[in-house]
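Visitor: What follows is a single structure, and I will ask about it in a moment.
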Amino acid sequence: MGLKDLYSPQFLTNLGTQLHQVAPTFDVTRFCQACLTEVWSDLKLMERRDVITTQMHAQLPASFSQAAAILRQVGPNFIGLAAVCLPNYVAVYGLDHWQVAMTTLAVLTKYSSAEFAIRPFLKRYPIATAQQMQAWAQSADADVRRLASEGMRPRLPWGTRLPQYMADPTPVLAVLHQLFFDKSDYVQKSVANNLNDISKDHPEMVIAFAQQYWGQTKSGDWILRRGLRTLFKHGNPDMLALLGYDITAAEKVTDVTLQPESDVAVIGGLTTVTYTVRAPETMPVYLGLNGSADHAATVSRGPPGDVAGEYAGGG
């Protein structure tokens, strides 16, 4: 079963039934038939989401405030990725109703995620919505706090990019500062991924952020290591220095050898490379294997002499 099959006929029936219970004029059969047209099987996950959104709108009240109230009541019955069709309704039909939309997204994100739905509001109302994200970063609910970070990611997978934050991520970093010591693993992972997004456009700002917090807490260092992963893969000197690597090590090591397991690498497969490095003293050594696979490995051990190991990377 593919991801698109999360939106199955059974899901549509369940959704229609829940909407009917709150809004008795909502016709379940009509809703399912309108979604399950001859092109349904060819549609991808997010395309099906958009069809569902359109067909919900065809029957829900024309007043967005009334429709949003229905969505908030139905929301707790649907969790996970499939439930993004509910906040998507807010993104499509609630742009002219900022306050009601914010209230509704804060509810719906607890059961799925409003990380995609918040983005049109960040584009149309950048100041007000960024301020809302800062307020959400202080929420008692981890799902809402996570939205404050995830929704502002400049390069969110599956989401529309946010050019204003690719150009200047200062508002995003303000939220990440608030969330850096968050106790929730769910929030911590989002903060790390957000930093990684930002590093692709503004490495110097992410390194400055990392320098402020490095070494303070175990969870904080985990966030930073994950957030710096793209810079690590590319061997950014400032990042390597922060992590304790000797940036002059390349001048000291000798007799570096790399021996691939096979002369042919298969896309999507694993290729093992055996390496040896001779170093004159004990020191952290960064080994960046930046070919088509674009991965990195590290060695930080051993007395003067040879250091050997294996690196397995995906193609």
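Residue numbering restarts at 1 for every chain of the structure tokens, chains are lettered A, B, ... in their displayed order, and ligands are numbered from 1 as they appear.
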List the spatial neighbours of Pro120 of chain A as a list of chain:residue names - criterion: any atom at most 9 Å away, only C-alpha atoms, same-chain residues fewer than 2 positions off excluded.
Guide: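 My list of contacting residues is A:Ala91, A:Val92, A:Leu95, A:Phe116, A:Ala117, A:Ile118, A:Leu122, A:Lys123, A:Arg124, A:Tyr125, A:Thr160.
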Visitor: With a cut-off of 10 Å, could you pull out the residues of segment 168-225 of chain A touching segment 231-246 of chain A and give me the nearest pair of atoms for each, distance in Å to one decimal, using only C-alpha atoms, ordered by chain and ascending number, as CSV?
Guide:
residue,atom,partner,partner_atom,distance
A:Asn196,CA,A:Leu231,CA,8.2
A:Ser199,CA,A:Leu231,CA,7.1
A:Lys200,CA,A:Leu231,CA,8.0
A:Pro203,CA,A:Leu231,CA,7.4
A:Glu204,CA,A:Asp238,CA,8.5
A:Val206,CA,A:Met239,CA,9.3
A:Ile207,CA,A:Met239,CA,6.4
A:Ala208,CA,A:Asp238,CA,9.6
A:Ala210,CA,A:Leu242,CA,8.2
A:Gln211,CA,A:Leu242,CA,7.0
A:Trp214,CA,A:Leu242,CA,8.0
A:Gly215,CA,A:Leu243,CA,9.7
A:Asp221,CA,A:Leu243,CA,9.8
A:Leu224,CA,A:Leu243,CA,9.8
A:Arg225,CA,A:Leu243,CA,8.5
Visitor: With a distance cut-off of 10 Å and only C-alpha atoms, select the neighbouring residues of Gln18 of chain A, excluding the residue or stretch itself and same-chain residues fewer than 4 positions from it, and output the selection as a list in words.
Guide: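 Listing them by chain and then by number gives Leu12, Thr13, Asn14, Val22, Ala23, Pro24, Phe26, Val28, Ile70, Leu71, Gln73, Val74, Gly75, Asn77 and Phe78 of chain A.
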Visitor: Name the closest residue to Ala130 of chain A among the candidates A:Met152, A:Ala114, A:Arg145, A:Ala68; distances are taken between atoms, counting only C-alpha atoms.
Guide: A:Met152
Visitor: Using only C-alpha atoms for the distances, tell me which of A:Ala128, A:Leu270, A:Ile223, A:Ile52 is nearest to Asn88 of chain A.
Guide: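 Among A:Ala128, A:Leu270, A:Ile223, A:Ile52, it is A:Ile52 that comes nearest to Asn88 of chain A.
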Visitor: With only C-alpha atoms as the counted atoms, please give the residues lying no more than 12 Å from Asp27 of chain A, apart from itself and same-chain residues fewer than 6 positions off, as an NGL selection string.
Guide: :A and (12-13 or 15-21 or 33-34 or 55-56 or 58-60)
Visitor: So the first atom is atom CA of Leu176 of chain A and the second is atom CA of Thr109 of chain A; what is the distance between them in Å, to one decimal place?
Guide: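 It comes out at 18.6 Å.
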Visitor: Between A:Ser63, A:Gly269, A:Glu38, A:His57, which one has atoms that come closest to Asp96 of chain A, using only C-alpha atoms?
Guide: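 Closest to Asp96 of chain A, using only C-alpha atoms: A:Ser63.
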